[in-house]
$ cat upload.cif   # mmCIF, C-alpha atoms and all ligand atoms
data_model
loop_
_atom_site.label_atom_id
_atom_site.label_comp_id
_atom_site.auth_asym_id
_atom_site.auth_seq_id
_atom_site.Cartn_x
_atom_site.Cartn_y
_atom_site.Cartn_z
CA MET M 1 36.41 15.75 25.47
CA THR M 2 35.43 19.37 25.12
CA SER M 3 37.78 22.05 26.32
CA LEU M 4 36.47 25.51 25.56
CA PRO M 5 38.92 28.42 25.36
CA LEU M 6 37.35 30.67 28.01
CA ALA M 7 36.67 29.73 31.61
CA ALA M 8 32.94 29.16 32.16
CA GLU M 9 33.25 30.76 35.63
CA MET M 10 34.52 33.98 34.07
CA ILE M 11 31.42 34.18 31.83
CA GLU M 12 29.13 33.32 34.75
CA GLN M 13 30.71 36.03 36.88
CA ALA M 14 30.26 38.63 34.15
CA ASN M 15 26.65 37.48 33.69
CA SER M 16 25.87 37.70 37.39
CA ARG M 17 26.46 41.46 37.24
CA GLU M 18 24.01 41.86 34.33
CA ALA M 19 21.36 39.24 35.13
CA ASP M 20 18.95 41.38 37.22
CA ALA M 21 18.71 44.06 34.54
CA LEU M 22 18.24 41.42 31.86
CA PHE M 23 15.36 39.76 33.74
CA GLU M 24 13.69 43.16 34.13
CA ASP M 25 14.05 43.98 30.44
CA TYR M 26 12.97 40.50 29.33
CA THR M 27 9.89 40.65 31.57
CA ALA M 28 8.93 44.10 30.26
CA LEU M 29 9.32 43.03 26.64
CA GLY M 30 7.40 39.82 27.41
CA ARG M 31 4.47 41.89 28.71
CA LYS M 32 4.52 44.11 25.63
CA LEU M 33 4.56 41.13 23.27
CA ALA M 34 1.86 39.32 25.24
CA ARG M 35 -0.51 42.24 24.59
CA GLY M 36 -0.22 41.32 20.91
CA GLY M 37 -0.76 37.63 21.63
CA VAL M 38 2.92 36.67 21.27
CA ALA M 39 4.65 34.45 23.84
CA ILE M 40 8.18 35.74 24.33
CA ASP M 41 9.48 32.31 25.37
CA ALA M 42 8.38 30.87 22.01
CA VAL M 43 10.36 33.57 20.19
CA LYS M 44 13.34 32.92 22.44
CA ALA M 45 13.13 29.21 21.59
CA ARG M 46 13.27 30.05 17.88
CA VAL M 47 16.27 32.33 18.43
CA ALA M 48 17.96 29.53 20.39
CA GLY M 49 17.57 27.31 17.32
CA PHE M 50 19.12 29.85 14.95
CA SER M 51 22.74 29.64 13.87
CA VAL M 52 25.12 31.20 11.37
CA ALA M 53 28.56 29.94 10.35
CA VAL M 54 31.73 32.00 10.61
CA PRO M 55 34.47 31.81 7.98
CA SER M 56 37.93 30.66 9.06
CA TRP M 57 39.48 33.64 7.27
CA GLY M 58 37.19 36.06 9.15
CA ALA M 59 39.17 35.34 12.33
CA GLY M 60 42.13 37.30 10.94
CA ARG M 61 42.41 40.97 10.05
CA GLY M 62 41.34 41.60 6.45
CA GLY M 63 42.72 44.32 4.25
CA THR M 64 41.99 46.45 1.28
CA ARG M 65 43.76 46.49 -2.08
CA PHE M 66 46.19 48.93 -0.49
CA ALA M 67 47.19 47.59 2.87
CA LYS M 68 46.56 45.31 5.74
CA PHE M 69 47.16 46.35 9.34
CA PRO M 70 47.62 43.25 11.49
CA ILE M 71 47.02 43.26 15.24
CA PRO M 72 49.10 41.44 17.87
CA GLY M 73 47.62 38.07 18.72
CA GLU M 74 45.98 37.50 15.35
CA PRO M 75 45.65 33.85 14.32
CA THR M 76 48.06 32.69 11.61
CA ASN M 77 46.89 29.13 10.98
CA ILE M 78 43.70 27.08 11.02
CA HIS M 79 44.31 25.86 14.58
CA GLU M 80 44.52 29.39 15.98
CA LYS M 81 41.57 30.44 13.80
CA LEU M 82 39.48 27.60 15.24
CA ALA M 83 40.39 28.71 18.76
CA ASP M 84 39.23 32.28 17.99
CA CYS M 85 36.02 31.00 16.35
CA ALA M 86 35.45 28.91 19.49
CA VAL M 87 35.72 32.08 21.60
CA VAL M 88 33.08 33.71 19.41
CA ASN M 89 30.75 30.73 19.73
CA GLN M 90 31.34 30.35 23.44
CA LEU M 91 30.22 33.94 24.02
CA CYS M 92 27.35 34.22 21.52
CA ARG M 93 26.28 30.54 21.21
CA ILE M 94 24.93 30.92 17.65
CA THR M 95 28.08 30.34 15.57
CA PRO M 96 28.78 26.63 16.10
CA ARG M 97 30.21 25.98 12.62
CA VAL M 98 33.28 27.22 10.78
CA SER M 99 33.44 27.49 7.00
CA PRO M 100 36.94 26.49 5.87
CA HIS M 101 38.77 27.70 2.81
CA PHE M 102 41.25 25.75 0.71
CA PRO M 103 44.13 25.87 0.19
CA TRP M 104 44.39 28.47 2.98
CA ASP M 105 43.35 25.96 5.67
CA LYS M 106 45.20 22.89 4.36
CA VAL M 107 46.50 20.39 6.94
CA SER M 108 47.85 16.87 6.65
CA ASP M 109 45.23 15.16 8.86
CA TYR M 110 41.61 16.26 8.42
CA ALA M 111 40.20 13.64 10.80
CA ALA M 112 42.38 15.20 13.51
CA LEU M 113 41.25 18.70 12.51
CA ARG M 114 37.62 17.61 12.81
CA GLU M 115 38.31 16.24 16.28
CA GLU M 116 40.17 19.41 17.24
CA ALA M 117 37.16 21.51 16.17
CA ALA M 118 34.75 19.21 18.03
CA SER M 119 36.83 19.56 21.19
CA LEU M 120 36.31 23.33 20.86
CA GLY M 121 32.55 22.86 20.43
CA LEU M 122 32.70 23.50 16.68
CA GLY M 123 31.73 21.71 13.47
CA PHE M 124 32.44 22.57 9.84
CA ASP M 125 30.13 24.31 7.39
CA ALA M 126 30.42 24.79 3.60
CA VAL M 127 33.86 24.25 2.09
CA ASN M 128 35.14 27.14 -0.03
CA SER M 129 37.35 26.51 -3.04
CA ASN M 130 39.84 29.04 -4.38
CA SER M 131 40.60 29.40 -8.05
CA PHE M 132 40.82 33.21 -7.88
CA GLN M 133 44.51 33.37 -6.98
CA ASP M 134 47.64 31.39 -7.76
CA GLN M 135 49.42 29.38 -5.08
CA SER M 136 53.17 28.89 -4.93
CA GLY M 137 54.15 25.81 -6.90
CA GLN M 138 50.89 25.78 -8.87
CA ALA M 139 51.40 24.39 -12.40
CA LEU M 140 49.10 26.74 -14.33
CA SER M 141 48.05 30.33 -13.63
CA TYR M 142 44.49 31.59 -13.16
CA ALA M 143 45.48 34.98 -14.59
CA ASN M 144 43.11 34.40 -17.52
CA GLY M 145 40.39 32.60 -15.62
CA SER M 146 39.85 29.25 -13.95
CA LEU M 147 36.66 27.28 -14.67
CA SER M 148 36.07 29.41 -17.78
CA ALA M 149 39.71 29.65 -18.91
CA GLN M 150 40.44 29.08 -22.59
CA ASP M 151 43.19 26.66 -21.69
CA ALA M 152 41.82 23.16 -21.07
CA GLY M 153 44.67 22.32 -18.69
CA THR M 154 43.89 25.32 -16.48
CA ARG M 155 40.22 24.35 -16.37
CA ALA M 156 41.19 20.78 -15.45
CA GLN M 157 43.40 22.09 -12.64
CA ALA M 158 40.53 24.20 -11.24
CA ILE M 159 38.11 21.26 -11.50
CA ALA M 160 40.56 18.96 -9.71
CA HIS M 161 40.98 21.56 -6.92
CA ASN M 162 37.21 21.77 -6.40
CA ILE M 163 36.92 17.97 -6.31
CA GLU M 164 39.74 17.87 -3.75
CA CYS M 165 37.75 20.40 -1.67
CA ILE M 166 34.77 18.02 -1.74
CA GLU M 167 36.99 15.15 -0.59
CA ILE M 168 38.41 17.27 2.25
CA GLY M 169 34.90 18.43 3.13
CA GLU M 170 33.71 14.84 3.45
CA LYS M 171 36.43 14.22 6.03
CA LEU M 172 35.39 17.37 7.92
CA GLY M 173 31.66 16.64 7.89
CA SER M 174 30.70 19.41 5.45
CA LYS M 175 27.73 19.07 3.10
CA ASP M 176 28.15 22.05 0.78
CA LEU M 177 30.80 23.25 -1.64
CA THR M 178 30.73 27.01 -2.26
CA VAL M 179 32.15 28.01 -5.62
CA TRP M 180 33.03 31.59 -6.38
CA VAL M 181 35.29 32.30 -9.34
CA GLY M 182 36.88 35.63 -10.17
CA ASP M 183 36.66 34.81 -13.88
CA GLY M 184 35.75 37.71 -16.13
CA THR M 185 37.18 40.44 -18.33
CA ASN M 186 38.49 43.99 -18.05
CA PHE M 187 38.09 44.96 -21.72
CA PRO M 188 35.22 44.85 -24.20
CA GLY M 189 35.98 42.13 -26.71
CA GLN M 190 38.48 40.41 -24.40
CA GLN M 191 36.39 37.23 -24.34
CA ASP M 192 33.20 36.02 -25.94
CA PHE M 193 30.39 36.13 -23.31
CA THR M 194 28.76 32.92 -24.51
CA ARG M 195 31.83 30.80 -25.08
CA SER M 196 33.31 31.70 -21.67
CA LEU M 197 30.01 30.81 -19.97
CA GLU M 198 29.87 27.52 -21.87
CA ARG M 199 33.37 26.67 -20.66
CA TYR M 200 32.32 27.52 -17.09
CA LEU M 201 29.19 25.34 -17.34
CA ALA M 202 31.10 22.37 -18.74
CA ALA M 203 33.73 22.64 -16.00
CA ALA M 204 31.14 23.17 -13.25
CA SER M 205 29.24 20.08 -14.42
CA GLU M 206 32.37 17.97 -13.85
CA ILE M 207 32.55 19.26 -10.25
CA TYR M 208 28.81 18.69 -9.86
CA ALA M 209 29.26 15.07 -10.99
CA ALA M 210 31.70 14.54 -8.12
CA LEU M 211 29.22 15.70 -5.42
CA PRO M 212 28.11 13.02 -2.95
CA ASP M 213 24.33 12.43 -2.95
CA ASP M 214 23.68 14.55 0.13
CA TRP M 215 25.90 17.46 -0.93
CA ARG M 216 25.04 20.75 -2.61
CA MET M 217 27.07 23.03 -4.81
CA LEU M 218 26.47 26.69 -3.95
CA LEU M 219 27.15 29.08 -6.81
CA GLU M 220 28.14 32.53 -5.54
CA HIS M 221 27.64 35.31 -8.05
CA LYS M 222 29.39 38.68 -7.96
CA LEU M 223 28.83 41.66 -10.20
CA PHE M 224 32.40 42.89 -10.48
CA GLU M 225 35.87 42.65 -8.98
CA PRO M 226 38.43 41.33 -9.70
CA ALA M 227 37.03 41.63 -13.24
CA PHE M 228 35.78 45.15 -13.93
CA TYR M 229 34.08 44.86 -17.33
CA SER M 230 32.31 41.50 -17.13
CA SER M 231 32.13 38.56 -14.72
CA VAL M 232 31.18 35.06 -15.80
CA ILE M 233 28.64 34.56 -12.97
CA SER M 234 27.82 38.21 -12.45
CA ASP M 235 24.30 38.23 -11.07
CA TRP M 236 21.47 36.10 -9.73
CA GLY M 237 20.15 35.64 -13.27
CA SER M 238 23.37 34.01 -14.46
CA SER M 239 23.56 32.10 -11.19
CA ILE M 240 20.07 30.59 -11.33
CA LEU M 241 20.42 29.71 -15.01
CA ALA M 242 23.70 27.92 -14.29
CA ALA M 243 22.21 26.18 -11.23
CA GLN M 244 19.18 25.07 -13.26
CA GLU M 245 21.41 23.67 -15.98
CA LEU M 246 23.66 21.85 -13.51
CA GLY M 247 20.85 20.11 -11.61
CA ASP M 248 18.95 19.86 -8.32
CA LYS M 249 22.02 19.85 -6.09
CA ALA M 250 23.22 23.17 -7.51
CA LYS M 251 21.84 26.21 -5.65
CA CYS M 252 22.48 29.94 -5.62
CA LEU M 253 24.33 31.70 -2.83
CA VAL M 254 23.56 35.36 -2.19
CA ASP M 255 26.37 37.51 -0.81
CA LEU M 256 24.81 40.80 0.31
CA GLY M 257 27.72 42.81 -1.11
CA HIS M 258 27.80 41.23 -4.57
CA HIS M 259 25.13 43.35 -6.25
CA ALA M 260 24.84 46.71 -7.91
CA PRO M 261 24.13 49.50 -5.38
CA ASN M 262 20.47 49.72 -4.31
CA THR M 263 19.55 46.33 -5.75
CA ASN M 264 16.43 44.90 -4.12
CA ILE M 265 18.15 41.88 -2.58
CA GLU M 266 15.11 40.81 -0.56
CA GLN M 267 13.19 40.35 -3.80
CA ILE M 268 16.02 38.17 -5.14
CA VAL M 269 15.61 35.99 -2.03
CA ALA M 270 11.92 35.52 -2.82
CA ARG M 271 12.63 34.73 -6.48
CA LEU M 272 15.36 32.19 -5.76
CA HIS M 273 13.21 30.46 -3.15
CA ARG M 274 10.21 30.28 -5.51
CA PHE M 275 12.30 28.29 -7.96
CA GLY M 276 13.95 26.03 -5.37
CA LYS M 277 17.37 27.59 -5.82
CA LEU M 278 18.02 29.52 -2.60
CA GLY M 279 21.12 27.75 -1.29
CA GLY M 280 22.68 30.16 1.11
CA PHE M 281 23.71 33.57 2.31
CA HIS M 282 26.90 35.44 2.97
CA PHE M 283 26.14 38.19 5.45
CA ASN M 284 28.01 41.49 5.43
CA ASP M 285 27.13 45.10 4.70
CA SER M 286 28.07 47.58 2.04
CA LYS M 287 27.98 51.27 1.28
CA TYR M 288 29.54 51.29 -2.19
CA GLY M 289 30.42 47.84 -3.51
CA ASP M 290 31.70 44.59 -2.09
CA ASP M 291 32.83 46.42 1.04
CA ASP M 292 32.49 43.39 3.35
CA LEU M 293 31.59 45.67 6.26
CA ASP M 294 30.00 44.30 9.42
CA SER M 295 26.45 42.96 9.06
CA GLY M 296 23.80 45.55 9.79
CA SER M 297 26.33 48.36 10.28
CA ILE M 298 25.26 50.37 7.22
CA ASN M 299 21.80 49.19 6.24
CA PRO M 300 20.15 47.27 9.09
CA HIS M 301 16.72 47.73 7.52
CA GLN M 302 17.80 45.80 4.43
CA LEU M 303 19.05 42.98 6.65
CA PHE M 304 15.64 42.90 8.34
CA LEU M 305 13.82 42.85 5.00
CA VAL M 306 16.02 39.96 3.82
CA PHE M 307 15.09 38.03 6.97
CA ASN M 308 11.45 38.90 6.45
CA GLU M 309 11.63 37.17 3.06
CA LEU M 310 13.49 34.26 4.61
CA ALA M 311 10.67 33.96 7.17
CA GLU M 312 8.12 34.00 4.32
CA ALA M 313 10.16 31.34 2.53
CA GLN M 314 10.31 29.18 5.63
CA ALA M 315 6.54 29.47 6.10
CA SER M 316 5.83 28.66 2.45
CA GLY M 317 5.98 24.89 2.75
CA ARG M 318 8.53 24.66 -0.06
CA GLU M 319 11.96 23.20 0.72
CA PHE M 320 13.94 25.72 2.81
CA ARG M 321 17.50 24.83 3.80
CA PRO M 322 19.67 27.91 3.42
CA SER M 323 23.28 27.85 4.56
CA TYR M 324 24.12 31.04 6.49
CA MET M 325 27.61 32.44 6.86
CA ILE M 326 29.17 35.72 7.98
CA ASP M 327 31.49 36.87 5.17
CA GLN M 328 33.23 40.05 6.22
CA SER M 329 36.62 41.70 6.06
CA HIS M 330 37.56 43.09 9.45
CA ASN M 331 40.04 45.83 8.60
CA VAL M 332 39.84 48.16 11.59
CA THR M 333 38.40 46.06 14.43
CA ASP M 334 39.33 43.00 16.43
CA PRO M 335 37.79 40.27 14.22
CA ILE M 336 36.33 38.46 17.25
CA GLU M 337 34.47 41.62 18.29
CA SER M 338 33.19 42.15 14.74
CA MET M 339 31.92 38.59 14.54
CA LEU M 340 30.20 38.92 17.93
CA SER M 341 28.59 42.20 16.89
CA SER M 342 27.54 40.79 13.51
CA ALA M 343 26.11 37.58 14.93
CA GLU M 344 23.99 39.74 17.24
CA ALA M 345 22.81 41.93 14.32
CA ILE M 346 21.93 38.89 12.22
CA ALA M 347 20.12 37.05 15.03
CA GLY M 348 18.31 40.30 15.87
CA CYS M 349 16.92 40.53 12.34
CA PHE M 350 15.96 36.85 12.47
CA ALA M 351 14.07 37.53 15.71
CA ARG M 352 12.33 40.66 14.38
CA ALA M 353 11.27 38.77 11.24
CA ALA M 354 9.86 36.03 13.49
CA LEU M 355 7.85 38.74 15.28
CA VAL M 356 6.17 40.05 12.13
CA ASP M 357 2.42 39.49 12.37
CA ARG M 358 2.45 37.41 9.20
CA GLU M 359 -1.29 36.76 9.08
CA GLY M 360 -1.92 40.46 9.58
CA LEU M 361 0.62 41.31 6.89
CA HIS M 362 -0.95 38.93 4.38
CA ALA M 363 -4.44 40.24 5.16
CA ALA M 364 -3.29 43.84 4.65
CA GLN M 365 -1.62 42.86 1.39
CA GLU M 366 -4.79 41.13 0.13
CA ALA M 367 -6.90 44.15 1.10
CA ASN M 368 -4.50 46.56 -0.63
CA ASP M 369 -4.05 48.36 2.69
CA THR M 370 -0.59 49.63 1.90
CA MET M 371 -0.01 51.60 5.10
CA LEU M 372 -1.17 48.78 7.35
CA ALA M 373 1.09 46.31 5.51
CA PHE M 374 4.06 48.65 5.89
CA GLN M 375 3.26 49.35 9.55
CA THR M 376 3.06 45.62 10.22
CA LEU M 377 6.69 45.33 9.12
CA ARG M 378 7.65 48.56 10.85
CA ARG M 379 6.23 47.41 14.22
CA ALA M 380 8.49 44.35 14.17
CA TYR M 381 11.50 46.26 12.86
CA THR M 382 11.39 48.87 15.63
CA LEU M 383 11.20 46.32 18.46
CA ASP M 384 14.27 46.09 20.67
CA VAL M 385 14.76 42.32 20.72
CA SER M 386 18.09 42.43 22.55
CA PRO M 387 16.62 40.98 25.82
CA ILE M 388 15.44 37.91 23.86
CA LEU M 389 18.87 37.42 22.29
CA ALA M 390 20.68 37.94 25.59
CA MET M 391 18.39 35.57 27.49
CA ALA M 392 18.79 32.85 24.83
CA ARG M 393 22.57 33.34 24.97
CA MET M 394 22.77 33.22 28.73
CA GLU M 395 20.61 30.10 28.96
CA ALA M 396 22.93 28.40 26.45
CA GLY M 397 25.99 29.29 28.56
CA GLY M 398 26.97 32.38 26.59
CA ALA M 399 27.54 35.93 27.73
CA ILE M 400 24.81 38.50 28.34
CA ASP M 401 27.23 41.14 27.05
CA PRO M 402 29.56 39.23 24.67
CA ILE M 403 31.95 42.04 23.74
CA ALA M 404 32.42 43.32 27.31
CA THR M 405 33.00 39.75 28.50
CA TYR M 406 35.46 39.14 25.66
CA ARG M 407 37.41 42.26 26.61
CA ALA M 408 37.42 41.22 30.26
CA SER M 409 38.90 37.84 29.24
CA ARG M 410 42.00 39.56 27.79
CA TRP M 411 42.04 36.79 25.16
CA ARG M 412 43.76 38.86 22.49
CA ALA M 413 46.44 40.21 24.83
CA ARG M 414 47.17 36.70 26.05
CA LYS M 415 47.39 35.39 22.48
CA ALA M 416 49.73 38.25 21.57
CA GLN M 417 52.24 36.68 23.99
CA GLU M 418 51.91 33.22 22.39
CA ARG M 419 51.29 33.67 18.66
CA LYS M 420 53.80 34.66 16.04
CA PRO M 421 53.11 38.04 14.43
CA VAL M 422 51.33 38.30 11.07
CA GLY M 423 53.39 39.80 8.26
CA LEU M 424 52.44 43.04 6.60
CA GLY M 425 50.80 42.98 3.21
CA ALA M 426 47.75 43.78 1.16
CA GLY M 427 44.86 41.54 0.43
CA ILE M 428 41.14 41.48 0.15
CA VAL M 429 39.56 38.45 1.69
MN MN M 501 30.96 35.79 -0.15
#

$ encode --input "upload.cif" --output "structure tokens" --more "lines below"
Ligand SMILES: [Mn+2]
Amino acid sequence: MTSLPLAAEMIEQANSREADALFEDYTALGRKLARGGVAIDAVKARVAGFSVAVPSWGAGRGGTRFAKFPIPGEPTNIHEKLADCAVVNQLCRITPRVSPHFPWDKVSDYAALREEAASLGLGFDAVNSNSFQDQSGQALSYANGSLSAQDAGTRAQAIAHNIECIEIGEKLGSKDLTVWVGDGTNFPGQQDFTRSLERYLAAASEIYAALPDDWRMLLEHKLFEPAFYSSVISDWGSSILAAQELGDKAKCLVDLGHHAPNTNIEQIVARLHRFGKLGGFHFNDSKYGDDDLDSGSINPHQLFLVFNELAEAQASGREFRPSYMIDQSHNVTDPIESMLSSAEAIAGCFARAALVDREGLHAAQEANDTMLAFQTLRRAYTLDVSPILAMARMEAGGAIDPIATYRASRWRARKAQERKPVGLGAGIV
């Protein structure tokens, strides 16, 4: 039995005020696209089939290394986080899965949690393990690393945690385990680069051996932080080499913020796909480092170019099964509004990439017509696809204007009356 958090009539009422303008805009865009031989309904159907997961931790306020500023009505446990994620999906209709994190989202009955999510119209996406911080009561510390730690007992503890995440994930209906470790060094000479990588590979292979047949292990690389001199899986090179050594079920996960500034991430997408190792994406945006800002808020063109490569990858005929997730830290906004805004930005880039005249682009590339090739991308990038997104949303029962409808629902104010306040503190998530 499904019981969604917002009243369907409230969304319908909000939509009724916007519907005439949307039909006008959709019709006008449809005419424009038809002149280029594109059927707008076909693009809308592709958008309707697109989805991106939201992380359970993204439902709460994030923080920086210095402080966290909670808001009233923030979720404080997985049940409240699921309710907020259900609000997001009910309004935007393209975030039907939640990516859980352990031990943060631990409960005693995972079958019941799966049912609870299903009743909210949600399923579960990749399971995220955590060996980058210590938990109270934990036997051994990760202060000197986890999967690459010198101490065999610490490595065994981190391996056992990852295997437990797989077991939980099986109960939740997940098919992927995402592994990011903070392992690395702050000083030259602190650890031997090769020996620490060998320890990581040996430990990761034990986790890999525990994967069910239809599961994947997604290796998430990150250049720096928390380690500031070297990281064990620092870049896509280290990631693909590790994934190749582990086996077919090991893939690489690209987090848009985990690269050096100005890295050509879209080219990394093409490379990983060519070698069958593109496993997934964490969407966010960045100005300086791993800022975890909202998707498309700083560099929307890069997001479009990434989706253009994903569209090329999908059209290539090679296996293409990337796992998409929003991975952001919402420090100064209502997390629900940020996730709604980001889902729109991500789906917008997916739609624009679908509108690239791919045959024309390939022909221009083969003819060395540089300007025509660039203009082919530019024409798609500059299109306002918002009527397509809004129409797909409305037809799926979502809101034409998700953020305005969310505000009208007074969800957060109502939750502020019911939920216990979040404590102060610092913390990057
Ligand atoms: Mn990430």

$ residues_around --input "upload.cif" --residues "Asn15 in chain M" --least-positions-apart "4" --cutoff "8 Å" --atoms "all atoms listed in the file" --output "list in words"
Ile11, Ala19, Met394, Ala399, Ile400 and Asp401 of chain M

$ closest_residue --input "upload.cif" --among "M:Thr194, M:Gln150, M:Ser329, M:Ser136" --to "ligand MN 501 (chain M)" --atoms "all atoms listed in the file"
M:Ser329

$ residues_near_ligand --input "upload.cif" --ligand "ligand MN 501 (chain M)" --cutoff "10 Å" --atoms "only C-alpha atoms and all ligand atoms" --output "number ranges by chain"
M: 55, 128, 178-180, 220-222, 253-258, 281-284, 290, 292, 325-328, 429

$ residues_around --input "upload.cif" --residues "Leu219 in chain M" --least-positions-apart "4" --cutoff "10 Å" --atoms "all atoms listed in the file" --output "ChimeraX atom specification"
/M:177-181,204,233,236,238-240,242-243,250-254,277,279-280

$ closest_residue --input "upload.cif" --among "M:Leu91, M:Leu305, M:Ile388, M:Val127" --to "Val356 in chain M" --atoms "all atoms listed in the file"
M:Leu305

$ atom_distance --input "upload.cif" --atom1 "CA of Arg318 in chain M" --atom2 "CA of Phe374 in chain M"
25.1 Å

$ residues_near_point --input "upload.cif" --point "(23.1, 28.6, 23.7)" --cutoff "8 Å" --atoms "all atoms listed in the file" --output "short mmCIF file (atom, residue, chain, number, x, y, z; two decimals) with C-alpha atoms, keeping the file's coordinate frame"
data_model
loop_
_atom_site.label_atom_id
_atom_site.label_comp_id
_atom_site.auth_asym_id
_atom_site.auth_seq_id
_atom_site.Cartn_x
_atom_site.Cartn_y
_atom_site.Cartn_z
CA ALA M 48 17.96 29.53 20.39
CA CYS M 92 27.35 34.22 21.52
CA ARG M 93 26.28 30.54 21.21
CA ILE M 94 24.93 30.92 17.65
CA ALA M 392 18.79 32.85 24.83
CA ARG M 393 22.57 33.34 24.97
CA MET M 394 22.77 33.22 28.73
CA GLU M 395 20.61 30.10 28.96
CA ALA M 396 22.93 28.40 26.45
CA GLY M 397 25.99 29.29 28.56
CA GLY M 398 26.97 32.38 26.59
#

$ build_atoms --input "upload.cif" --residues "range 385-404 of chain M" --atoms "N, CA and C atoms" --output "mmCIF file, in the frame of the given file"
data_model
loop_
_atom_site.group_PDB
_atom_site.id
_atom_site.type_symbol
_atom_site.label_atom_id
_atom_site.label_comp_id
_atom_site.auth_asym_id
_atom_site.auth_seq_id
_atom_site.Cartn_x
_atom_site.Cartn_y
_atom_site.Cartn_z
ATOM 1 N N VAL M 385 14.817 43.750 20.372
ATOM 2 C CA VAL M 385 14.760 42.320 20.720
ATOM 3 C C VAL M 385 15.990 41.886 21.516
ATOM 4 N N SER M 386 16.838 42.830 21.905
ATOM 5 C CA SER M 386 18.090 42.430 22.550
ATOM 6 C C SER M 386 17.877 41.603 23.842
ATOM 7 N N PRO M 387 16.799 41.853 24.644
ATOM 8 C CA PRO M 387 16.620 40.980 25.820
ATOM 9 C C PRO M 387 16.364 39.515 25.435
ATOM 10 N N ILE M 388 15.691 39.291 24.297
ATOM 11 C CA ILE M 388 15.440 37.910 23.860
ATOM 12 C C ILE M 388 16.763 37.240 23.472
ATOM 13 N N LEU M 389 17.588 37.979 22.714
ATOM 14 C CA LEU M 389 18.870 37.420 22.290
ATOM 15 C C LEU M 389 19.763 37.131 23.493
ATOM 16 N N ALA M 390 19.804 38.088 24.417
ATOM 17 C CA ALA M 390 20.680 37.940 25.590
ATOM 18 C C ALA M 390 20.222 36.778 26.473
ATOM 19 N N MET M 391 18.902 36.657 26.640
ATOM 20 C CA MET M 391 18.390 35.570 27.490
ATOM 21 C C MET M 391 18.692 34.211 26.852
ATOM 22 N N ALA M 392 18.501 34.118 25.524
ATOM 23 C CA ALA M 392 18.790 32.850 24.830
ATOM 24 C C ALA M 392 20.275 32.516 24.965
ATOM 25 N N ARG M 393 21.116 33.529 24.838
ATOM 26 C CA ARG M 393 22.570 33.340 24.970
ATOM 27 C C ARG M 393 22.942 32.853 26.361
ATOM 28 N N MET M 394 22.402 33.556 27.353
ATOM 29 C CA MET M 394 22.770 33.220 28.730
ATOM 30 C C MET M 394 22.321 31.799 29.065
ATOM 31 N N GLU M 395 21.116 31.448 28.653
ATOM 32 C CA GLU M 395 20.610 30.100 28.960
ATOM 33 C C GLU M 395 21.438 29.011 28.274
ATOM 34 N N ALA M 396 22.097 29.379 27.165
ATOM 35 C CA ALA M 396 22.930 28.400 26.450
ATOM 36 C C ALA M 396 24.385 28.429 26.968
ATOM 37 N N GLY M 397 24.646 29.230 28.003
ATOM 38 C CA GLY M 397 25.990 29.290 28.560
ATOM 39 C C GLY M 397 26.839 30.420 28.011
ATOM 40 N N GLY M 398 26.238 31.263 27.175
ATOM 41 C CA GLY M 398 26.970 32.380 26.590
ATOM 42 C C GLY M 398 26.930 33.610 27.489
ATOM 43 N N ALA M 399 27.430 34.710 26.949
ATOM 44 C CA ALA M 399 27.540 35.930 27.730
ATOM 45 C C ALA M 399 26.354 36.864 27.466
ATOM 46 N N ILE M 400 25.858 37.496 28.511
ATOM 47 C CA ILE M 400 24.810 38.500 28.340
ATOM 48 C C ILE M 400 25.353 39.646 27.504
ATOM 49 N N ASP M 401 26.568 40.082 27.818
ATOM 50 C CA ASP M 401 27.230 41.140 27.050
ATOM 51 C C ASP M 401 28.517 40.551 26.439
ATOM 52 N N PRO M 402 28.422 39.997 25.218
ATOM 53 C CA PRO M 402 29.560 39.230 24.670
ATOM 54 C C PRO M 402 30.831 40.061 24.500
ATOM 55 N N ILE M 403 30.723 41.285 24.015
ATOM 56 C CA ILE M 403 31.950 42.040 23.740
ATOM 57 C C ILE M 403 32.630 42.477 25.048
ATOM 58 N N ALA M 404 31.828 42.931 26.019
ATOM 59 C CA ALA M 404 32.420 43.320 27.310
ATOM 60 C C ALA M 404 33.082 42.115 27.975
#
